[in-house]
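*Asks:* Input structure: target_4.pdb, which contains PDB, C-alpha atoms, pLDDT in the B column.
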```pdb
ATOM      1  CA  MET B   1      -4.357  10.560 -14.925  1.00 89.00           C
ATOM      2  CA  LYS B   2      -2.209   8.714 -12.444  1.00 92.00           C
ATOM      3  CA  GLU B   3      -2.885   7.264  -9.047  1.00 94.00           C
ATOM      4  CA  ILE B   4      -0.047   7.880  -6.622  1.00 95.00           C
ATOM      5  CA  ILE B   5       0.108   5.518  -3.658  1.00 95.00           C
ATOM      6  CA  ALA B   6       2.570   6.624  -1.009  1.00 95.00           C
ATOM      7  CA  ILE B   7       3.368   4.657   2.113  1.00 94.00           C
ATOM      8  CA  ILE B   8       4.936   6.970   4.678  1.00 94.00           C
ATOM      9  CA  ARG B   9       5.759   7.356   8.344  1.00 93.00           C
ATOM     10  CA  MET B  10       2.833   8.043  10.677  1.00 92.00           C
ATOM     11  CA  GLU B  11       4.509  11.048  12.294  1.00 91.00           C
ATOM     12  CA  LYS B  12       5.100  12.783   8.951  1.00 91.00           C
ATOM     13  CA  MET B  13       1.410  13.133   8.254  1.00 92.00           C
ATOM     14  CA  ASN B  14       1.034  16.752   9.361  1.00 93.00           C
ATOM     15  CA  ALA B  15       4.083  17.904   7.429  1.00 93.00           C
ATOM     16  CA  VAL B  16       2.832  16.083   4.358  1.00 93.00           C
ATOM     17  CA  LYS B  17      -0.614  17.672   4.555  1.00 93.00           C
ATOM     18  CA  GLU B  18       0.952  21.109   4.802  1.00 92.00           C
ATOM     19  CA  ALA B  19       3.385  20.538   1.956  1.00 93.00           C
ATOM     20  CA  LEU B  20       0.726  19.107  -0.339  1.00 91.00           C
ATOM     21  CA  SER B  21      -1.605  22.042   0.309  1.00 89.00           C
ATOM     22  CA  GLU B  22       1.195  24.475  -0.453  1.00 89.00           C
ATOM     23  CA  ALA B  23       1.933  22.639  -3.671  1.00 88.00           C
ATOM     24  CA  GLY B  24      -1.728  22.993  -4.650  1.00 86.00           C
ATOM     25  CA  LEU B  25      -2.560  19.325  -4.191  1.00 86.00           C
ATOM     26  CA  PRO B  26      -5.051  19.441  -1.340  1.00 83.00           C
ATOM     27  CA  SER B  27      -6.998  16.244  -1.941  1.00 88.00           C
ATOM     28  CA  PHE B  28      -5.956  12.796  -0.878  1.00 91.00           C
ATOM     29  CA  THR B  29      -7.210   9.695   0.867  1.00 93.00           C
ATOM     30  CA  ALA B  30      -5.281   8.402   3.862  1.00 94.00           C
ATOM     31  CA  ARG B  31      -5.544   5.228   5.811  1.00 93.00           C
ATOM     32  CA  LYS B  32      -3.678   3.395   8.508  1.00 94.00           C
ATOM     33  CA  VAL B  33      -1.891   0.297   7.318  1.00 94.00           C
ATOM     34  CA  LEU B  34       0.668  -2.139   8.649  1.00 92.00           C
ATOM     35  CA  GLY B  35       3.656  -3.059   6.588  1.00 89.00           C
ATOM     36  CA  ARG B  36       7.116  -4.428   6.364  1.00 87.00           C
ATOM     37  CA  GLY B  37       9.892  -3.526   3.971  1.00 84.00           C
ATOM     38  CA  ARG B  38      13.070  -5.119   2.778  1.00 80.00           C
ATOM     39  CA  GLY B  39      13.975  -5.853   6.377  1.00 68.00           C
ATOM     40  CA  LYS B  40      17.042  -3.700   6.908  1.00 56.00           C
ATOM     41  CA  VAL B  41      15.471  -1.652   9.701  1.00 55.00           C
ATOM     42  CA  GLU B  42      17.352  -1.523  12.998  1.00 61.00           C
ATOM     43  CA  TYR B  43      14.947  -1.435  15.885  1.00 62.00           C
ATOM     44  CA  PHE B  44      15.630   0.532  19.041  1.00 63.00           C
ATOM     45  CA  LEU B  45      13.571   1.540  22.019  1.00 64.00           C
ATOM     46  CA  ARG B  46      13.742   5.099  23.240  1.00 66.00           C
ATOM     47  CA  GLY B  47      15.094   5.585  26.752  1.00 68.00           C
ATOM     48  CA  ASN B  48      16.707   2.823  28.757  1.00 69.00           C
ATOM     49  CA  GLU B  49      19.633   1.419  26.745  1.00 69.00           C
ATOM     50  CA  GLU B  50      20.207  -1.820  28.690  1.00 72.00           C
ATOM     51  CA  LYS B  51      16.547  -2.689  28.972  1.00 72.00           C
ATOM     52  CA  SER B  52      16.231  -1.942  25.296  1.00 70.00           C
ATOM     53  CA  MET B  53      18.694  -4.678  24.307  1.00 72.00           C
ATOM     54  CA  GLU B  54      16.920  -7.109  26.619  1.00 74.00           C
ATOM     55  CA  ALA B  55      13.547  -6.312  25.137  1.00 72.00           C
ATOM     56  CA  LEU B  56      14.778  -6.491  21.547  1.00 70.00           C
ATOM     57  CA  ASP B  57      16.188  -9.981  22.160  1.00 72.00           C
ATOM     58  CA  THR B  58      12.703 -11.243  22.895  1.00 72.00           C
ATOM     59  CA  MET B  59      11.390 -10.063  19.548  1.00 69.00           C
ATOM     60  CA  PRO B  60      10.965 -12.587  16.753  1.00 65.00           C
ATOM     61  CA  PRO B  61      13.599 -12.491  13.986  1.00 63.00           C
ATOM     62  CA  GLY B  62      12.903 -10.920  10.625  1.00 64.00           C
ATOM     63  CA  PRO B  63      11.105  -7.750   9.684  1.00 69.00           C
ATOM     64  CA  MET B  64       8.070  -6.855  11.754  1.00 77.00           C
ATOM     65  CA  LEU B  65       4.887  -5.115  10.762  1.00 84.00           C
ATOM     66  CA  ILE B  66       5.184  -1.404  11.373  1.00 87.00           C
ATOM     67  CA  PRO B  67       2.259   1.040  11.426  1.00 91.00           C
ATOM     68  CA  LYS B  68       2.337   3.338   8.387  1.00 93.00           C
ATOM     69  CA  ARG B  69       0.114   5.788   6.580  1.00 94.00           C
ATOM     70  CA  MET B  70      -0.992   5.018   3.050  1.00 94.00           C
ATOM     71  CA  LEU B  71      -1.899   8.048   0.928  1.00 94.00           C
ATOM     72  CA  THR B  72      -3.790   7.710  -2.321  1.00 94.00           C
ATOM     73  CA  ILE B  73      -3.671  10.770  -4.553  1.00 93.00           C
ATOM     74  CA  ALA B  74      -5.177  11.030  -8.028  1.00 92.00           C
ATOM     75  CA  VAL B  75      -3.417  13.616 -10.187  1.00 91.00           C
ATOM     76  CA  PRO B  76      -3.323  14.638 -13.851  1.00 90.00           C
ATOM     77  CA  ASP B  77      -0.298  13.376 -15.779  1.00 89.00           C
ATOM     78  CA  ALA B  78       1.355  16.802 -15.718  1.00 88.00           C
ATOM     79  CA  LEU B  79       1.511  16.862 -11.928  1.00 89.00           C
ATOM     80  CA  VAL B  80       2.971  13.431 -11.246  1.00 91.00           C
ATOM     81  CA  ALA B  81       6.575  14.630 -11.060  1.00 91.00           C
ATOM     82  CA  LYS B  82       5.667  17.550  -8.796  1.00 91.00           C
ATOM     83  CA  THR B  83       3.688  15.351  -6.406  1.00 92.00           C
ATOM     84  CA  VAL B  84       6.415  12.731  -6.193  1.00 93.00           C
ATOM     85  CA  LYS B  85       9.035  15.399  -5.549  1.00 93.00           C
ATOM     86  CA  THR B  86       6.943  17.019  -2.830  1.00 93.00           C
ATOM     87  CA  LEU B  87       6.379  13.685  -1.112  1.00 93.00           C
ATOM     88  CA  ILE B  88      10.041  12.706  -1.271  1.00 93.00           C
ATOM     89  CA  ASP B  89      11.229  16.108  -0.015  1.00 93.00           C
ATOM     90  CA  VAL B  90       8.938  16.043   2.994  1.00 93.00           C
ATOM     91  CA  ASN B  91       9.396  12.428   3.956  1.00 92.00           C
ATOM     92  CA  SER B  92      13.124  11.886   3.521  1.00 90.00           C
ATOM     93  CA  THR B  93      15.044  11.342   6.706  1.00 88.00           C
ATOM     94  CA  GLY B  94      17.680   9.247   4.979  1.00 83.00           C
ATOM     95  CA  ARG B  95      16.965   6.222   7.157  1.00 82.00           C
ATOM     96  CA  ALA B  96      15.367   2.967   6.099  1.00 81.00           C
ATOM     97  CA  GLY B  97      11.634   2.998   6.686  1.00 84.00           C
ATOM     98  CA  ASP B  98      10.882   6.314   5.013  1.00 89.00           C
ATOM     99  CA  GLY B  99       8.465   4.585   2.699  1.00 91.00           C
ATOM    100  CA  LYS B 100       7.698   3.956  -0.924  1.00 92.00           C
ATOM    101  CA  ILE B 101       5.854   5.800  -3.657  1.00 95.00           C
ATOM    102  CA  PHE B 102       4.043   3.940  -6.417  1.00 95.00           C
ATOM    103  CA  VAL B 103       2.655   5.553  -9.555  1.00 95.00           C
ATOM    104  CA  LEU B 104      -0.174   3.610 -11.171  1.00 95.00           C
ATOM    105  CA  PRO B 105      -2.148   4.371 -14.311  1.00 94.00           C
ATOM    106  CA  LEU B 106      -5.723   5.506 -13.719  1.00 92.00           C
ATOM    107  CA  LEU B 107      -8.232   4.970 -16.502  1.00 92.00           C
ATOM    108  CA  ASP B 108     -10.970   7.372 -15.480  1.00 91.00           C
ATOM    109  CA  ALA B 109     -12.235   9.474 -12.603  1.00 90.00           C
ATOM    110  CA  CYS B 110     -15.717  10.734 -11.871  1.00 90.00           C
ATOM    111  CA  ARG B 111     -16.899  13.383  -9.413  1.00 88.00           C
ATOM    112  CA  VAL B 112     -19.978  12.003  -7.734  1.00 87.00           C
ATOM    113  CA  ARG B 113     -21.583  15.397  -7.011  1.00 86.00           C
ATOM    114  CA  THR B 114     -21.590  16.702 -10.591  1.00 87.00           C
ATOM    115  CA  GLY B 115     -20.766  13.689 -12.714  1.00 86.00           C
ATOM    116  CA  GLU B 116     -17.696  15.365 -14.248  1.00 86.00           C
ATOM    117  CA  ARG B 117     -15.333  12.864 -15.824  1.00 88.00           C
ATOM    118  CA  GLY B 118     -11.617  12.528 -16.368  1.00 85.00           C
ATOM    119  CA  ASP B 119      -9.189  15.313 -15.459  1.00 84.00           C
ATOM    120  CA  LEU B 120     -12.103  17.639 -14.668  1.00 85.00           C
ATOM    121  CA  ALA B 121     -13.056  15.447 -11.757  1.00 84.00           C
ATOM    122  CA  LEU B 122      -9.673  15.978 -10.114  1.00 84.00           C
ATOM    123  CA  ASP B 123      -9.168  18.872  -7.753  1.00 72.00           C
ATOM    124  CA  GLU B 124      -5.609  19.689  -8.719  1.00 60.00           C
ATOM    125  CA  GLN B 125      -6.443  21.824 -11.756  1.00 61.00           C
ATOM    126  CA  SER B 126      -5.276  25.007 -10.006  1.00 59.00           C
ATOM    127  CA  ALA B 127      -1.789  23.552  -9.594  1.00 58.00           C
ATOM    128  CA  LEU B 128      -1.383  22.824 -13.294  1.00 64.00           C
ATOM    129  CA  PRO B 129       1.246  24.921 -15.014  1.00 61.00           C
ATOM    130  CA  ALA B 130      -0.448  27.624 -17.081  1.00 54.00           C
ATOM    131  CA  GLU B 131      -0.635  26.566 -20.694  1.00 51.00           C
ATOM    132  CA  ALA B 132       0.433  28.929 -23.421  1.00 41.00           C
TER     133      ALA B 132
ATOM    134  CA  MET I   1       6.942  -3.369 -11.810  1.00 92.00           C
ATOM    135  CA  ILE I   2       3.488  -4.678 -10.965  1.00 94.00           C
ATOM    136  CA  MET I   3       1.269  -4.304  -7.937  1.00 95.00           C
ATOM    137  CA  VAL I   4      -0.284  -7.462  -6.528  1.00 95.00           C
ATOM    138  CA  ARG I   5      -3.259  -6.940  -4.249  1.00 95.00           C
ATOM    139  CA  ALA I   6      -4.476 -10.043  -2.493  1.00 96.00           C
ATOM    140  CA  ILE I   7      -7.640 -10.204  -0.431  1.00 95.00           C
ATOM    141  CA  VAL I   8      -7.418 -13.155   1.922  1.00 95.00           C
ATOM    142  CA  ARG I   9      -9.031 -14.600   5.013  1.00 95.00           C
ATOM    143  CA  PRO I  10      -7.868 -12.851   8.214  1.00 94.00           C
ATOM    144  CA  GLU I  11      -6.859 -16.176   9.752  1.00 93.00           C
ATOM    145  CA  LYS I  12      -4.622 -16.949   6.759  1.00 92.00           C
ATOM    146  CA  VAL I  13      -2.751 -13.648   6.719  1.00 92.00           C
ATOM    147  CA  SER I  14       0.247 -14.666   8.798  1.00 89.00           C
ATOM    148  CA  GLU I  15       0.668 -17.817   6.730  1.00 90.00           C
ATOM    149  CA  VAL I  16       0.586 -15.854   3.491  1.00 93.00           C
ATOM    150  CA  MET I  17       3.030 -13.277   4.812  1.00 91.00           C
ATOM    151  CA  ALA I  18       5.411 -15.999   5.994  1.00 90.00           C
ATOM    152  CA  ALA I  19       5.177 -17.688   2.605  1.00 92.00           C
ATOM    153  CA  LEU I  20       5.970 -14.406   0.851  1.00 91.00           C
ATOM    154  CA  MET I  21       8.951 -13.892   3.138  1.00 89.00           C
ATOM    155  CA  TYR I  22      10.354 -17.321   2.332  1.00 88.00           C
ATOM    156  CA  ALA I  23       9.752 -16.775  -1.367  1.00 91.00           C
ATOM    157  CA  GLY I  24      11.896 -13.650  -1.156  1.00 89.00           C
ATOM    158  CA  PHE I  25       9.276 -10.905  -1.038  1.00 91.00           C
ATOM    159  CA  PRO I  26       9.581  -9.355   2.416  1.00 89.00           C
ATOM    160  CA  ALA I  27       8.009  -6.010   1.530  1.00 91.00           C
ATOM    161  CA  VAL I  28       4.255  -6.178   2.070  1.00 93.00           C
ATOM    162  CA  THR I  29       1.593  -3.771   3.296  1.00 95.00           C
ATOM    163  CA  LYS I  30      -1.407  -5.139   5.148  1.00 94.00           C
ATOM    164  CA  MET I  31      -4.790  -3.525   5.770  1.00 94.00           C
ATOM    165  CA  ASP I  32      -8.178  -4.503   7.147  1.00 95.00           C
ATOM    166  CA  VAL I  33     -10.997  -4.462   4.631  1.00 95.00           C
ATOM    167  CA  PHE I  34     -14.611  -5.574   4.433  1.00 94.00           C
ATOM    168  CA  GLY I  35     -16.289  -6.936   1.382  1.00 92.00           C
ATOM    169  CA  ARG I  36     -18.443  -9.462  -0.322  1.00 91.00           C
ATOM    170  CA  GLY I  37     -17.859 -11.696  -3.291  1.00 89.00           C
ATOM    171  CA  LYS I  38     -19.897 -13.205  -6.057  1.00 86.00           C
ATOM    172  CA  GLN I  39     -21.717 -15.457  -3.576  1.00 86.00           C
ATOM    173  CA  ARG I  40     -23.234 -12.199  -2.276  1.00 86.00           C
ATOM    174  CA  GLY I  41     -21.854 -12.633   1.185  1.00 85.00           C
ATOM    175  CA  MET I  42     -22.762 -15.372   3.603  1.00 86.00           C
ATOM    176  CA  ARG I  43     -26.217 -16.520   4.531  1.00 87.00           C
ATOM    177  CA  ILE I  44     -26.763 -18.132   7.912  1.00 89.00           C
ATOM    178  CA  GLY I  45     -30.430 -18.926   8.448  1.00 89.00           C
ATOM    179  CA  GLU I  46     -32.357 -15.748   7.811  1.00 90.00           C
ATOM    180  CA  VAL I  47     -29.414 -13.430   8.284  1.00 90.00           C
ATOM    181  CA  THR I  48     -27.209 -12.368   5.379  1.00 88.00           C
ATOM    182  CA  TYR I  49     -23.723 -11.115   6.090  1.00 89.00           C
ATOM    183  CA  ASP I  50     -22.464  -9.116   3.146  1.00 88.00           C
ATOM    184  CA  GLU I  51     -19.623  -7.214   4.775  1.00 91.00           C
ATOM    185  CA  LEU I  52     -17.238 -10.002   5.582  1.00 93.00           C
ATOM    186  CA  PRO I  53     -13.956  -9.055   7.248  1.00 94.00           C
ATOM    187  CA  LYS I  54     -10.900  -9.750   5.109  1.00 95.00           C
ATOM    188  CA  GLU I  55      -7.295  -8.635   4.986  1.00 95.00           C
ATOM    189  CA  MET I  56      -5.774  -6.998   1.942  1.00 96.00           C
ATOM    190  CA  LEU I  57      -2.090  -7.533   1.225  1.00 95.00           C
ATOM    191  CA  LEU I  58      -0.432  -5.100  -1.140  1.00 95.00           C
ATOM    192  CA  THR I  59       2.977  -5.726  -2.627  1.00 94.00           C
ATOM    193  CA  VAL I  60       4.866  -4.285  -5.563  1.00 95.00           C
ATOM    194  CA  VAL I  61       7.264  -6.677  -7.286  1.00 94.00           C
ATOM    195  CA  PRO I  62       9.306  -6.872 -10.504  1.00 94.00           C
ATOM    196  CA  THR I  63       7.198  -7.950 -13.476  1.00 94.00           C
ATOM    197  CA  LYS I  64       9.182 -11.144 -13.938  1.00 95.00           C
ATOM    198  CA  ASP I  65       8.208 -12.358 -10.455  1.00 93.00           C
ATOM    199  CA  LYS I  66       4.481 -12.030 -11.132  1.00 94.00           C
ATOM    200  CA  GLU I  67       3.661 -15.729 -11.451  1.00 95.00           C
ATOM    201  CA  LEU I  68       5.813 -16.681  -8.476  1.00 95.00           C
ATOM    202  CA  VAL I  69       4.081 -14.183  -6.192  1.00 95.00           C
ATOM    203  CA  ILE I  70       0.621 -15.197  -7.339  1.00 95.00           C
ATOM    204  CA  GLU I  71       1.463 -18.867  -6.904  1.00 94.00           C
ATOM    205  CA  THR I  72       2.844 -18.237  -3.415  1.00 94.00           C
ATOM    206  CA  VAL I  73      -0.228 -16.302  -2.310  1.00 95.00           C
ATOM    207  CA  LEU I  74      -2.680 -18.794  -3.785  1.00 94.00           C
ATOM    208  CA  LYS I  75      -0.916 -21.749  -2.218  1.00 92.00           C
ATOM    209  CA  ALA I  76      -0.835 -20.181   1.243  1.00 93.00           C
ATOM    210  CA  ALA I  77      -4.292 -18.612   1.199  1.00 93.00           C
ATOM    211  CA  ARG I  78      -6.283 -21.597   0.007  1.00 93.00           C
ATOM    212  CA  THR I  79      -8.207 -23.580   2.616  1.00 92.00           C
ATOM    213  CA  GLY I  80      -8.855 -27.312   2.426  1.00 88.00           C
ATOM    214  CA  GLN I  81      -7.833 -29.532  -0.471  1.00 86.00           C
ATOM    215  CA  LYS I  82      -9.569 -27.695  -3.288  1.00 88.00           C
ATOM    216  CA  GLY I  83     -10.105 -24.299  -1.714  1.00 86.00           C
ATOM    217  CA  ALA I  84     -13.416 -22.893  -0.545  1.00 89.00           C
ATOM    218  CA  TYR I  85     -15.699 -19.936  -1.163  1.00 90.00           C
ATOM    219  CA  GLY I  86     -14.355 -16.927   0.680  1.00 90.00           C
ATOM    220  CA  ASP I  87     -10.669 -17.714   0.249  1.00 92.00           C
ATOM    221  CA  GLY I  88     -10.246 -14.404  -1.530  1.00 93.00           C
ATOM    222  CA  LYS I  89      -8.985 -12.860  -4.741  1.00 93.00           C
ATOM    223  CA  VAL I  90      -5.717 -11.681  -6.200  1.00 95.00           C
ATOM    224  CA  PHE I  91      -5.599  -8.567  -8.379  1.00 96.00           C
ATOM    225  CA  VAL I  92      -2.615  -7.539 -10.471  1.00 96.00           C
ATOM    226  CA  SER I  93      -2.172  -4.018 -11.826  1.00 95.00           C
ATOM    227  CA  PRO I  94       0.641  -2.250 -13.659  1.00 95.00           C
ATOM    228  CA  VAL I  95       2.841   0.234 -11.833  1.00 94.00           C
ATOM    229  CA  ASP I  96       4.511   2.948 -13.875  1.00 93.00           C
ATOM    230  CA  GLU I  97       7.066   4.229 -11.399  1.00 92.00           C
ATOM    231  CA  VAL I  98       8.369   3.222  -7.988  1.00 94.00           C
ATOM    232  CA  TYR I  99      10.384   5.496  -5.697  1.00 94.00           C
ATOM    233  CA  THR I 100      12.136   4.778  -2.427  1.00 92.00           C
ATOM    234  CA  VAL I 101      11.681   7.828  -0.225  1.00 92.00           C
ATOM    235  CA  SER I 102      14.805   7.515   1.926  1.00 88.00           C
ATOM    236  CA  SER I 103      17.202   7.519  -1.031  1.00 88.00           C
ATOM    237  CA  ALA I 104      14.887   9.352  -3.477  1.00 85.00           C
ATOM    238  CA  ARG I 105      15.873   6.626  -5.920  1.00 87.00           C
ATOM    239  CA  LYS I 106      13.667   5.460  -8.747  1.00 89.00           C
ATOM    240  CA  GLU I 107      13.435   1.684  -8.648  1.00 87.00           C
ATOM    241  CA  THR I 108      13.544  -0.362 -11.799  1.00 85.00           C
ATOM    242  CA  ASP I 109      12.912  -4.033 -12.554  1.00 79.00           C
TER     243      ASP I 109
END
```
Please express the file's structure as structure tokens.
*Replies:*
Amino acid sequence: MKEIIAIIRMEKMNAVKEALSEAGLPSFTARKVLGRGRGKVEYFLRGNEEKSMEALDTMPPGPMLIPKRMLTIAVPDALVAKTVKTLIDVNSTGRAGDGKIFVLPLLDACRVRTGERGDLALDEQSALPAEA
Amino acid sequence: MIMVRAIVRPEKVSEVMAALMYAGFPAVTKMDVFGRGKQRGMRIGEVTYDELPKEMLLTVVPTKDKELVIETVLKAARTGQKGAYGDGKVFVSPVDEVYTVSSARKETD
């Protein structure tokens, strides 16, 4: 089992939910976080160009904290590549600030309702490739 | 790569984040959390507070920078000369793979 932590743009949330459901990975935990990256983001304000420059000059130097979504998805080993690909496909805009995906080892999982352990406790069984 | 999760006092967050920036680790994610520690929360008179507000900082760094990051966080997050109860904890966990979404690139150490 692996725990996939993805930090993505707020506005991509709906597209991500749709794509994950289609890929057979319906379950996840999401939360609002603030973050900064490597600091190569160019800020701009929509609308008034001149006012925008004026406003940006008043901002402190260095990367700022930007609101993001953090998704936590637990998947069986066989589905890690598929999940990562789905997330990257949906979230790529090619600009800095698209986010990061981390894959962490997960020792065990347990479904509270039934007490099932390990892979059985994960919901993504239906998305597993059929075994011969 | 390793993931460092630090739970620190809310009033120390900006100091810790500035320290990380100067140490060369600009990429950090911050979130509000509530929790208690091994002192079982805080007791003021008759009232026990066991959901103390804290901030969690999450950062993923190359394995070789582990000690430097931990040192930086500890130094910035500690209060007083010797530190105090409630200053927080730092957790370190392994990360198997790291991807940057915008370039679809797999990051390595």
*Asks:* Residues of chain B within 10 Å of chain I, counting all atoms listed in the file - could you list those as a short mmCIF file (atom, residue, chain, number, x, y, z; two decimals) with C-alpha atoms, in the frame of the given file?
*Replies:*
```
data_model
loop_
_atom_site.label_atom_id
_atom_site.label_comp_id
_atom_site.auth_asym_id
_atom_site.auth_seq_id
_atom_site.Cartn_x
_atom_site.Cartn_y
_atom_site.Cartn_z
CA LYS B 2 -2.21 8.71 -12.44
CA GLU B 3 -2.88 7.26 -9.05
CA ILE B 4 -0.05 7.88 -6.62
CA ILE B 5 0.11 5.52 -3.66
CA ALA B 6 2.57 6.62 -1.01
CA ILE B 7 3.37 4.66 2.11
CA ILE B 8 4.94 6.97 4.68
CA ARG B 31 -5.54 5.23 5.81
CA LYS B 32 -3.68 3.40 8.51
CA VAL B 33 -1.89 0.30 7.32
CA LEU B 34 0.67 -2.14 8.65
CA GLY B 35 3.66 -3.06 6.59
CA ARG B 36 7.12 -4.43 6.36
CA GLY B 37 9.89 -3.53 3.97
CA ARG B 38 13.07 -5.12 2.78
CA GLY B 39 13.98 -5.85 6.38
CA GLY B 62 12.90 -10.92 10.62
CA PRO B 63 11.10 -7.75 9.68
CA MET B 64 8.07 -6.86 11.75
CA LEU B 65 4.89 -5.12 10.76
CA ILE B 66 5.18 -1.40 11.37
CA PRO B 67 2.26 1.04 11.43
CA LYS B 68 2.34 3.34 8.39
CA MET B 70 -0.99 5.02 3.05
CA VAL B 84 6.42 12.73 -6.19
CA LYS B 85 9.04 15.40 -5.55
CA LEU B 87 6.38 13.68 -1.11
CA ILE B 88 10.04 12.71 -1.27
CA ASP B 89 11.23 16.11 -0.02
CA VAL B 90 8.94 16.04 2.99
CA ASN B 91 9.40 12.43 3.96
CA SER B 92 13.12 11.89 3.52
CA THR B 93 15.04 11.34 6.71
CA GLY B 94 17.68 9.25 4.98
CA ARG B 95 16.96 6.22 7.16
CA ALA B 96 15.37 2.97 6.10
CA GLY B 97 11.63 3.00 6.69
CA ASP B 98 10.88 6.31 5.01
CA GLY B 99 8.46 4.58 2.70
CA LYS B 100 7.70 3.96 -0.92
CA ILE B 101 5.85 5.80 -3.66
CA PHE B 102 4.04 3.94 -6.42
CA VAL B 103 2.66 5.55 -9.56
CA LEU B 104 -0.17 3.61 -11.17
CA PRO B 105 -2.15 4.37 -14.31
#
```
*Asks:* Grab the atom CA of Gly35 of chain I to atom CA of Leu107 of chain B distance for me, in Å with one decimal place.
*Replies:*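 Distance between the two atoms: 22.9 Å.
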*Asks:* Take atom CA of Met1 of chain B and atom CA of Val112 of chain B and report the distance between them in Å, one decimal.
*Replies:*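 We find that atom CA of Met1 of chain B and atom CA of Val112 of chain B lie 17.3 Å from each other.
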*Asks:* To test your reading of the syntax: which residues would the PyMOL selection byres ((chain I and resi 52) around 12) return for the file shown? Reply as JSON, numbers by chain.
*Replies:* {"I": [7, 8, 9, 10, 32, 33, 34, 35, 36, 37, 39, 40, 41, 42, 43, 48, 49, 50, 51, 53, 54, 55, 86, 87, 88]}
*Asks:* I'd like the interatomic distance between atom CA of Lys66 of chain I and atom CA of Ala78 of chain B, to a tenth of an Å.
*Replies:*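 So the answer is 29.4 Å.
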*Asks:* Here's the selection I'm unsure about, the PyMOL selection byres ((chain I and resi 62) around 7); applied to the file above, which residues does it give, as number ranges by chain?
*Replies:* I: 1-2, 61, 63-65, 109
*Asks:* Near Ala30 of chain B, within 8 Å and counting all atoms listed in the file, which residues show up once chain neighbours fewer than 6 positions away are dropped, as a PDB file with C-alpha atoms, in the frame of the given file?
*Replies:*
```pdb
ATOM      1  CA  ARG B  69       0.114   5.788   6.580  1.00 94.00           C
ATOM      2  CA  MET B  70      -0.992   5.018   3.050  1.00 94.00           C
ATOM      3  CA  LEU B  71      -1.899   8.048   0.928  1.00 94.00           C
ATOM      4  CA  THR B  72      -3.790   7.710  -2.321  1.00 94.00           C
TER       5      THR B  72
END
```
*Asks:* Could you tell me which of B:Ala74, B:Val16, B:Lys82, B:Asp57 comes closest to Cys110 of chain B if we count all atoms listed in the file?
*Replies:* B:Ala74
